[in-house]
file final.tsv (TSV, C-alpha atoms)
chain	number	residue	atom	x	y	z
A	67	MET	CA	0.00	0.00	0.00
A	68	ALA	CA	1.25	3.47	-0.84
A	69	ASP	CA	2.25	5.82	1.95
A	70	VAL	CA	0.88	8.96	0.24
A	71	VAL	CA	-1.58	9.50	-2.61
A	72	PHE	CA	-1.47	12.89	-4.30
A	73	PHE	CA	-4.58	14.04	-6.14
A	74	ASP	CA	-4.64	16.63	-8.89
A	75	LEU	CA	-7.56	19.01	-8.43
A	76	ASP	CA	-8.87	20.58	-11.66
A	77	GLY	CA	-10.23	17.93	-13.99
A	78	THR	CA	-9.75	15.29	-11.28
A	79	LEU	CA	-11.75	16.43	-8.24
A	80	VAL	CA	-13.50	19.53	-9.61
A	81	ASP	CA	-14.82	20.03	-13.13
A	82	HIS	CA	-12.84	23.16	-13.92
A	83	ARG	CA	-13.39	23.08	-17.67
A	84	SER	CA	-17.19	23.04	-17.43
A	85	ALA	CA	-17.13	25.88	-14.91
A	86	VAL	CA	-14.97	28.03	-17.19
A	87	TRP	CA	-17.19	27.42	-20.20
A	88	GLU	CA	-20.35	28.12	-18.23
A	89	ALA	CA	-19.00	31.39	-16.83
A	90	ILE	CA	-17.47	32.74	-20.01
A	91	GLY	CA	-20.50	31.53	-21.98
A	92	GLN	CA	-22.72	33.82	-19.96
A	93	ILE	CA	-20.40	36.74	-20.68
A	94	VAL	CA	-20.06	36.26	-24.44
A	95	GLN	CA	-23.76	35.63	-24.97
A	96	ALA	CA	-24.48	39.04	-23.43
A	97	ALA	CA	-21.84	40.95	-25.44
A	98	PRO	CA	-23.61	43.17	-28.02
A	99	ASN	CA	-20.40	44.43	-29.63
A	100	ALA	CA	-18.49	41.16	-29.85
A	101	THR	CA	-16.22	40.77	-32.87
A	102	ALA	CA	-16.67	36.98	-33.17
A	103	PRO	CA	-19.33	34.32	-32.50
A	104	PRO	CA	-19.75	33.16	-28.89
A	105	GLN	CA	-18.05	29.80	-29.48
A	106	GLU	CA	-14.95	31.47	-30.89
A	107	LEU	CA	-14.82	33.93	-28.01
A	108	ALA	CA	-15.09	31.14	-25.45
A	109	ALA	CA	-12.29	29.25	-27.19
A	110	LEU	CA	-10.17	32.41	-27.14
A	111	TRP	CA	-10.71	32.81	-23.39
A	112	TRP	CA	-9.69	29.19	-22.82
A	113	ALA	CA	-6.53	29.64	-24.91
A	114	LEU	CA	-5.64	32.85	-23.08
A	115	GLU	CA	-6.14	31.12	-19.73
A	116	ALA	CA	-3.62	28.44	-20.71
A	117	ARG	CA	-1.10	30.99	-22.00
A	118	HIS	CA	-1.14	33.30	-19.02
A	119	MET	CA	-1.39	30.49	-16.48
A	120	ARG	CA	1.92	29.21	-17.85
A	121	GLU	CA	3.39	32.66	-17.22
A	122	TYR	CA	2.12	32.60	-13.64
A	123	LEU	CA	3.55	29.12	-13.05
A	124	ALA	CA	6.90	30.26	-14.48
A	125	GLY	CA	6.99	33.05	-11.90
A	126	GLN	CA	6.62	35.78	-14.53
A	127	CYS	CA	3.57	37.36	-12.90
A	128	SER	CA	1.25	37.10	-9.90
A	129	PHE	CA	-2.02	35.19	-9.99
A	130	ALA	CA	-3.94	38.47	-10.14
A	131	GLU	CA	-1.74	39.73	-12.97
A	132	HIS	CA	-2.29	36.55	-14.96
A	133	HIS	CA	-6.02	37.41	-14.87
A	134	ARG	CA	-5.29	40.98	-15.98
A	135	ARG	CA	-3.15	39.83	-18.89
A	136	ARG	CA	-5.89	37.49	-20.02
A	137	LEU	CA	-8.45	40.28	-19.85
A	138	ARG	CA	-6.31	42.80	-21.74
A	139	SER	CA	-6.13	40.35	-24.64
A	140	PHE	CA	-9.78	39.33	-24.45
A	141	LEU	CA	-11.70	42.58	-24.09
A	142	PRO	CA	-10.99	43.90	-27.64
A	143	ALA	CA	-12.53	40.70	-29.06
A	144	LEU	CA	-15.49	41.17	-26.73
A	145	GLY	CA	-15.91	44.67	-28.14
A	146	GLU	CA	-15.20	46.40	-24.85
A	147	PRO	CA	-12.57	49.02	-23.94
A	148	VAL	CA	-9.54	47.85	-21.95
A	149	PRO	CA	-9.22	49.65	-18.60
A	150	GLN	CA	-5.74	50.97	-17.89
A	151	SER	CA	-6.11	50.66	-14.13
A	152	PRO	CA	-5.27	47.28	-12.54
A	153	ARG	CA	-8.03	48.02	-10.02
A	154	LEU	CA	-10.64	48.24	-12.77
A	155	LEU	CA	-9.34	45.07	-14.42
A	156	ASP	CA	-9.55	43.28	-11.10
A	157	ALA	CA	-13.09	44.54	-10.60
A	158	TRP	CA	-14.13	43.23	-14.04
A	159	ILE	CA	-12.67	39.80	-13.25
A	160	THR	CA	-14.40	39.66	-9.88
A	161	ASP	CA	-17.78	41.03	-10.92
A	162	ARG	CA	-18.15	39.66	-14.42
A	163	TYR	CA	-16.21	36.39	-14.35
A	164	LEU	CA	-15.24	34.97	-10.96
A	165	THR	CA	-18.73	35.19	-9.48
A	166	ALA	CA	-20.22	33.07	-12.28
A	167	PHE	CA	-17.15	30.81	-12.39
A	168	GLU	CA	-17.33	30.01	-8.68
A	169	GLU	CA	-21.08	29.45	-8.84
A	170	SER	CA	-20.43	26.87	-11.58
A	171	TRP	CA	-17.96	24.73	-9.61
A	172	GLN	CA	-18.96	21.10	-9.35
A	173	THR	CA	-17.20	18.03	-8.06
A	174	TYR	CA	-17.35	14.82	-10.03
A	175	PRO	CA	-19.74	12.23	-8.58
A	176	ASP	CA	-16.96	9.68	-8.02
A	177	VAL	CA	-14.87	11.95	-5.75
A	178	ARG	CA	-16.45	11.57	-2.31
A	179	PRO	CA	-17.09	7.80	-2.65
A	180	CYS	CA	-13.42	7.33	-3.56
A	181	LEU	CA	-12.19	9.37	-0.60
A	182	GLU	CA	-14.55	7.61	1.80
A	183	ASN	CA	-13.38	4.20	0.59
A	184	LEU	CA	-9.73	5.20	0.95
A	185	LYS	CA	-10.42	6.37	4.50
A	186	ARG	CA	-11.82	2.93	5.35
A	187	LEU	CA	-8.84	0.97	4.02
A	188	PRO	CA	-6.77	-0.82	6.67
A	189	ARG	CA	-3.49	1.10	6.94
A	190	GLY	CA	-4.74	3.35	4.16
A	191	PRO	CA	-2.53	6.02	2.59
A	192	ARG	CA	-2.27	9.62	3.66
A	193	LEU	CA	-3.89	11.94	1.14
A	194	ALA	CA	-2.80	15.28	-0.27
A	195	VAL	CA	-3.85	17.56	-3.10
A	196	LEU	CA	-1.07	18.58	-5.48
A	197	THR	CA	-2.22	21.32	-7.83
A	198	ASN	CA	-0.74	24.08	-9.97
A	199	GLY	CA	-3.59	26.44	-9.07
A	200	ASP	CA	-3.77	29.42	-6.75
A	201	PRO	CA	-3.80	28.26	-3.10
A	202	GLY	CA	-6.71	30.43	-2.02
A	203	GLN	CA	-8.92	29.48	-4.93
A	204	GLN	CA	-8.07	25.78	-4.72
A	205	ARG	CA	-8.76	25.56	-1.00
A	206	ALA	CA	-12.03	27.40	-1.57
A	207	LYS	CA	-13.09	24.72	-4.05
A	208	LEU	CA	-12.35	21.94	-1.59
A	209	ALA	CA	-14.02	23.80	1.28
A	210	ARG	CA	-17.15	24.43	-0.81
A	211	PHE	CA	-17.76	20.70	-1.08
A	212	GLY	CA	-16.50	19.65	2.36
A	213	LEU	CA	-13.44	17.89	0.97
A	214	LEU	CA	-10.66	19.62	2.92
A	215	GLU	CA	-11.04	17.21	5.84
A	216	TYR	CA	-9.85	14.29	3.71
A	217	PHE	CA	-6.44	15.79	2.94
A	218	GLU	CA	-3.39	16.20	5.12
A	219	ALA	CA	-2.10	18.98	2.85
A	220	VAL	CA	-3.06	21.11	-0.14
A	221	LEU	CA	0.17	21.80	-2.01
A	222	THR	CA	0.53	24.47	-4.69
A	223	PRO	CA	3.47	26.31	-6.27
A	224	THR	CA	3.16	28.85	-3.44
A	225	GLU	CA	4.06	26.25	-0.81
A	226	LEU	CA	6.50	24.24	-2.89
A	227	GLY	CA	8.24	26.96	-4.89
A	228	ALA	CA	7.63	25.05	-8.12
A	229	ALA	CA	4.80	23.78	-10.29
A	230	LYS	CA	4.28	20.28	-11.61
A	231	PRO	CA	6.20	18.45	-12.89
A	232	ALA	CA	9.15	19.88	-10.93
A	233	ALA	CA	7.00	19.89	-7.78
A	234	TYR	CA	6.71	16.11	-7.45
A	235	THR	CA	10.01	15.63	-5.65
A	236	THR	CA	9.42	18.64	-3.40
A	237	ALA	CA	5.91	17.44	-2.58
A	238	CYS	CA	7.28	14.07	-1.45
A	239	ARG	CA	9.75	15.83	0.83
A	240	TRP	CA	6.93	18.00	2.20
A	241	MET	CA	4.93	14.87	3.02
A	242	ARG	CA	8.02	13.12	4.47
A	243	THR	CA	7.79	10.21	2.10
A	244	ASP	CA	9.92	8.54	-0.54
A	245	PRO	CA	8.76	8.96	-4.17
A	246	ALA	CA	8.78	5.17	-4.48
A	247	GLN	CA	6.06	5.08	-1.80
A	248	ALA	CA	3.94	7.82	-3.38
A	249	VAL	CA	1.17	7.73	-5.98
A	250	ASN	CA	-0.05	10.63	-8.09
A	251	VAL	CA	-3.53	10.54	-9.63
A	252	GLY	CA	-4.71	13.01	-12.23
A	253	ASP	CA	-6.56	13.49	-15.49
A	254	MET	CA	-3.60	14.73	-17.56
A	255	LEU	CA	-1.72	11.85	-19.17
A	256	GLU	CA	1.60	13.63	-19.53
A	257	SER	CA	1.80	15.97	-16.55
A	258	ASP	CA	-0.08	13.84	-14.00
A	259	ALA	CA	0.86	10.28	-14.96
A	260	ASN	CA	3.99	10.18	-17.12
A	261	ALA	CA	5.75	13.07	-15.37
A	262	ALA	CA	5.04	11.53	-11.97
A	263	VAL	CA	6.60	8.26	-13.11
A	264	PHE	CA	9.64	10.15	-14.38
A	265	ALA	CA	10.00	11.69	-10.89
A	266	GLY	CA	9.97	8.24	-9.28
A	267	LEU	CA	6.33	8.10	-8.17
A	268	THR	CA	3.63	5.75	-9.37
A	269	GLY	CA	1.54	7.74	-11.81
A	270	ILE	CA	-2.10	6.80	-12.35
A	271	TRP	CA	-3.98	8.39	-15.21
A	272	LEU	CA	-7.65	9.16	-14.55
A	273	ASP	CA	-9.07	8.94	-18.05
A	274	ARG	CA	-12.34	10.84	-17.91
A	275	GLY	CA	-12.85	10.39	-21.66
A	276	ILE	CA	-12.02	13.98	-22.59
A	277	ASP	CA	-8.83	15.89	-23.20
A	278	PHE	CA	-8.77	18.66	-20.56
A	279	VAL	CA	-7.03	21.13	-22.89
A	280	THR	CA	-8.79	20.54	-26.21
A	281	GLY	CA	-12.13	19.13	-25.09
A	282	GLY	CA	-11.69	16.38	-27.65
A	283	PRO	CA	-11.29	12.63	-27.08
A	284	SER	CA	-8.74	11.41	-24.57
A	285	PRO	CA	-5.17	10.97	-25.82
A	286	THR	CA	-3.91	7.48	-26.54
A	287	ALA	CA	-1.68	5.95	-23.90
A	288	ASP	CA	0.61	2.96	-24.27
A	289	LYS	CA	-0.05	-0.20	-22.30
A	290	THR	CA	2.49	0.62	-19.61
A	291	VAL	CA	0.38	3.49	-18.26
A	292	LEU	CA	-1.67	2.70	-15.16
A	293	ARG	CA	-5.14	3.88	-16.12
A	294	ILE	CA	-8.50	4.13	-14.38
A	295	GLU	CA	-11.77	5.51	-15.72
A	296	ARG	CA	-13.36	6.40	-12.37
A	297	LEU	CA	-11.88	7.51	-9.09
A	298	THR	CA	-13.97	4.83	-7.41
A	299	ASP	CA	-11.63	2.31	-9.09
A	300	LEU	CA	-8.66	3.72	-7.19
A	301	PRO	CA	-9.02	2.09	-3.73
A	302	ASP	CA	-9.20	-1.41	-5.20
A	303	HIS	CA	-6.32	-0.59	-7.55
A	304	LEU	CA	-4.14	0.50	-4.63
A	305	SER	CA	-5.03	-2.60	-2.64
A	306	HIS	CA	-3.68	-4.82	-5.42
A	307	THR	CA	-0.44	-2.99	-6.16
A	308	ASN	CA	2.93	-3.25	-4.47
A	309	VAL	CA	3.41	0.48	-4.10
call {"tool": "encode", "arguments": {"input": "final.tsv", "output": "structure tokens"}}
result
Amino acid sequence: MADVVFFDLDGTLVDHRSAVWEAIGQIVQAAPNATAPPQELAALWWALEARHMREYLAGQCSFAEHHRRRLRSFLPALGEPVPQSPRLLDAWITDRYLTAFEESWQTYPDVRPCLENLKRLPRGPRLAVLTNGDPGQQRAKLARFGLLEYFEAVLTPTELGAAKPAAYTTACRWMRTDPAQAVNVGDMLESDANAAVFAGLTGIWLDRGIDFVTGGPSPTADKTVLRIERLTDLPDHLSHTNV
């Protein structure tokens, strides 16, 4: 049995993609001066999120600034003027986007049953969340659904000083465990499963049937990848492995 199981958060515990599309969908549908159809505008927002999130994770800007950069690029396509003041940009994000985004958060139905079953395992593993997101926002998601109590730690680049995949080794040190005794579970084949294996952990790919980035079908994995389709498959999987 593993000593520690790390869980990714977005796309694994909480349906981040659906929340983004719901929130930005409301905005673009109500934009009378938009320069493109709603679907194109939503796709632009998603692409800008990925671009500026990478900048945040690389330490090139704060979490708030990554939102501002996204908005500066997006507002012209929405047909709206771009405020020069960071305060006004922050207000737009809070009032127009974050409120709807947070209201749209949902956990996947297999999350709580999985965590409850892990808690009941004899000599079960310690659990932690390992996410590249903002610590305040990620803890708020877990608190919303009463999930914080299941985890010994919620680890982000703020605590670890690095994002995944570099964070895997640091996260193991934080949890006082050896990578060989740790498991990482997440919905991203490369960054959650393959990168964890490269760092010496056991990587388990949660294949939810959709590519988190593109929204298309899941990528194809070779037969060496440990794969599950539901988090409720995880407790039994751990019970039958030598990790």
call {"tool": "closest_residue", "arguments": {"input": "final.tsv", "among": "A:Ile93, A:Leu75, A:Ala113, A:Leu214", "to": "Asn198 of chain A", "atoms": "only C-alpha atoms"}}
result
A:Leu75
call {"tool": "residues_around", "arguments": {"input": "final.tsv", "residues": "Ile90 of chain A", "least_positions_apart": "5", "cutoff": "12 Å", "atoms": "all atoms listed in the file", "output": "PyMOL selection string"}}
result
chain A and resi 83-85+95-97+104-112+115+137+140+144+159+162-168+170
call {"tool": "atom_distance", "arguments": {"input": "final.tsv", "atom1": "atom CA of Arg153 of chain A", "atom2": "atom CA of His132 of chain A"}}
result
13.7 Å
call {"tool": "closest_residue", "arguments": {"input": "final.tsv", "among": "A:Pro191, A:Gly269, A:Gly275, A:Pro301", "to": "Val71 of chain A", "atoms": "all atoms listed in the file"}}
result
A:Pro191
call {"tool": "residues_around", "arguments": {"input": "final.tsv", "residues": "Ile276 of chain A", "least_positions_apart": "3", "cutoff": "12 Å", "atoms": "all atoms listed in the file", "output": "list in words"}}
result
Gly77, Thr78, Asp81, Arg83, Ser84, Asp253, Met254, Leu255, Leu272, Asp273, Val279, Thr280, Gly281, Gly282, Pro283, Ser284, Pro285, Thr286 and Glu295 of chain A
call {"tool": "atom_distance", "arguments": {"input": "final.tsv", "atom1": "atom CA of Gln203 of chain A", "atom2": "atom CA of Thr298 of chain A"}}
result
25.3 Å
call {"tool": "atom_distance", "arguments": {"input": "final.tsv", "atom1": "atom CA of Leu297 of chain A", "atom2": "atom CA of Asp176 of chain A"}}
result
5.6 Å
call {"tool": "residues_around", "arguments": {"input": "final.tsv", "residues": "Cys238 of chain A", "least_positions_apart": "5", "cutoff": "9 Å", "atoms": "only C-alpha atoms", "output": "PDB file with C-alpha atoms, in the coordinates of the input"}}
result
ATOM      1  CA  VAL A  70       0.880   8.960   0.240  1.00  0.00           C
ATOM      2  CA  ALA A 233       7.000  19.890  -7.780  1.00  0.00           C
ATOM      3  CA  THR A 243       7.790  10.210   2.100  1.00  0.00           C
ATOM      4  CA  ASP A 244       9.920   8.540  -0.540  1.00  0.00           C
ATOM      5  CA  PRO A 245       8.760   8.960  -4.170  1.00  0.00           C
ATOM      6  CA  ALA A 248       3.940   7.820  -3.380  1.00  0.00           C
TER       7      ALA A 248
END
call {"tool": "closest_residue", "arguments": {"input": "final.tsv", "among": "A:Val80, A:Met67, A:Leu300, A:Ala261", "to": "Gln172 of chain A", "atoms": "all atoms listed in the file"}}
result
A:Val80
call {"tool": "residues_near_point", "arguments": {"input": "final.tsv", "point": "(2.0, 33.3, -15.2)", "cutoff": "12 Å", "atoms": "all atoms listed in the file", "output": "list in words"}}
result
Leu114, Glu115, Ala116, Arg117, His118, Met119, Arg120, Glu121, Tyr122, Leu123, Ala124, Gly125, Gln126, Cys127, Ser128, Phe129, Ala130, Glu131, His132, His133, Arg134, Arg135, Arg136, Asn198, Gly199, Asp200, Pro223 and Ala229 of chain A
call {"tool": "residues_around", "arguments": {"input": "final.tsv", "residues": "Arg205 of chain A", "least_positions_apart": "6", "cutoff": "12 Å", "atoms": "all atoms listed in the file", "output": "short mmCIF file (atom, residue, chain, number, x, y, z; two decimals) with C-alpha atoms, keeping the file's coordinate frame"}}
result
data_model
loop_
_atom_site.label_atom_id
_atom_site.label_comp_id
_atom_site.auth_asym_id
_atom_site.auth_seq_id
_atom_site.Cartn_x
_atom_site.Cartn_y
_atom_site.Cartn_z
CA LEU A 75 -7.56 19.01 -8.43
CA ASP A 76 -8.87 20.58 -11.66
CA VAL A 80 -13.50 19.53 -9.61
CA ALA A 194 -2.80 15.28 -0.27
CA VAL A 195 -3.85 17.56 -3.10
CA LEU A 196 -1.07 18.58 -5.48
CA THR A 197 -2.22 21.32 -7.83
CA GLY A 199 -3.59 26.44 -9.07
CA PHE A 211 -17.76 20.70 -1.08
CA GLY A 212 -16.50 19.65 2.36
CA LEU A 213 -13.44 17.89 0.97
CA LEU A 214 -10.66 19.62 2.92
CA GLU A 215 -11.04 17.21 5.84
CA PHE A 217 -6.44 15.79 2.94
CA ALA A 219 -2.10 18.98 2.85
CA VAL A 220 -3.06 21.11 -0.14
CA LEU A 221 0.17 21.80 -2.01
CA THR A 222 0.53 24.47 -4.69
#
call {"tool": "closest_residue", "arguments": {"input": "final.tsv", "among": "A:Ala237, A:Phe72, A:Cys180, A:Gly202", "to": "Ile270 of chain A", "atoms": "all atoms listed in the file"}}
result
A:Phe72
call {"tool": "residues_around", "arguments": {"input": "final.tsv", "residues": "Gly145 of chain A", "least_positions_apart": "4", "cutoff": "10 Å", "atoms": "all atoms listed in the file", "output": "PyMOL selection string"}}
result
chain A and resi 97-102+140-141
call {"tool": "closest_residue", "arguments": {"input": "final.tsv", "among": "A:Leu292, A:Ala287, A:Val86, A:Leu184", "to": "Asn250 of chain A", "atoms": "all atoms listed in the file"}}
result
A:Leu292
call {"tool": "decode", "arguments": {"input": "final.tsv", "residues": "segment 136-196 of chain A", "atoms": "C-alpha atoms", "output": "short mmCIF file (atom, residue, chain, number, x, y, z; two decimals), in the first residue's frame"}}
result
data_model
loop_
_atom_site.label_atom_id
_atom_site.label_comp_id
_atom_site.auth_asym_id
_atom_site.auth_seq_id
_atom_site.Cartn_x
_atom_site.Cartn_y
_atom_site.Cartn_z
CA ARG A 136 -5.89 37.49 -20.02
CA LEU A 137 -8.45 40.28 -19.85
CA ARG A 138 -6.31 42.80 -21.74
CA SER A 139 -6.13 40.35 -24.64
CA PHE A 140 -9.78 39.33 -24.45
CA LEU A 141 -11.70 42.58 -24.09
CA PRO A 142 -10.99 43.90 -27.64
CA ALA A 143 -12.53 40.70 -29.06
CA LEU A 144 -15.49 41.17 -26.73
CA GLY A 145 -15.91 44.67 -28.14
CA GLU A 146 -15.20 46.40 -24.85
CA PRO A 147 -12.57 49.02 -23.94
CA VAL A 148 -9.54 47.85 -21.95
CA PRO A 149 -9.22 49.65 -18.60
CA GLN A 150 -5.74 50.97 -17.89
CA SER A 151 -6.11 50.66 -14.13
CA PRO A 152 -5.27 47.28 -12.54
CA ARG A 153 -8.03 48.02 -10.02
CA LEU A 154 -10.64 48.24 -12.77
CA LEU A 155 -9.34 45.07 -14.42
CA ASP A 156 -9.55 43.28 -11.10
CA ALA A 157 -13.09 44.54 -10.60
CA TRP A 158 -14.13 43.23 -14.04
CA ILE A 159 -12.67 39.80 -13.25
CA THR A 160 -14.40 39.66 -9.88
CA ASP A 161 -17.78 41.03 -10.92
CA ARG A 162 -18.15 39.66 -14.42
CA TYR A 163 -16.21 36.39 -14.35
CA LEU A 164 -15.24 34.97 -10.96
CA THR A 165 -18.73 35.19 -9.48
CA ALA A 166 -20.22 33.07 -12.28
CA PHE A 167 -17.15 30.81 -12.39
CA GLU A 168 -17.33 30.01 -8.68
CA GLU A 169 -21.08 29.45 -8.84
CA SER A 170 -20.43 26.87 -11.58
CA TRP A 171 -17.96 24.73 -9.61
CA GLN A 172 -18.96 21.10 -9.35
CA THR A 173 -17.20 18.03 -8.06
CA TYR A 174 -17.35 14.82 -10.03
CA PRO A 175 -19.74 12.23 -8.58
CA ASP A 176 -16.96 9.68 -8.02
CA VAL A 177 -14.87 11.95 -5.75
CA ARG A 178 -16.45 11.57 -2.31
CA PRO A 179 -17.09 7.80 -2.65
CA CYS A 180 -13.42 7.33 -3.56
CA LEU A 181 -12.19 9.37 -0.60
CA GLU A 182 -14.55 7.61 1.80
CA ASN A 183 -13.38 4.20 0.59
CA LEU A 184 -9.73 5.20 0.95
CA LYS A 185 -10.42 6.37 4.50
CA ARG A 186 -11.82 2.93 5.35
CA LEU A 187 -8.84 0.97 4.02
CA PRO A 188 -6.77 -0.82 6.67
CA ARG A 189 -3.49 1.10 6.94
CA GLY A 190 -4.74 3.35 4.16
CA PRO A 191 -2.53 6.02 2.59
CA ARG A 192 -2.27 9.62 3.66
CA LEU A 193 -3.89 11.94 1.14
CA ALA A 194 -2.80 15.28 -0.27
CA VAL A 195 -3.85 17.56 -3.10
CA LEU A 196 -1.07 18.58 -5.48
#
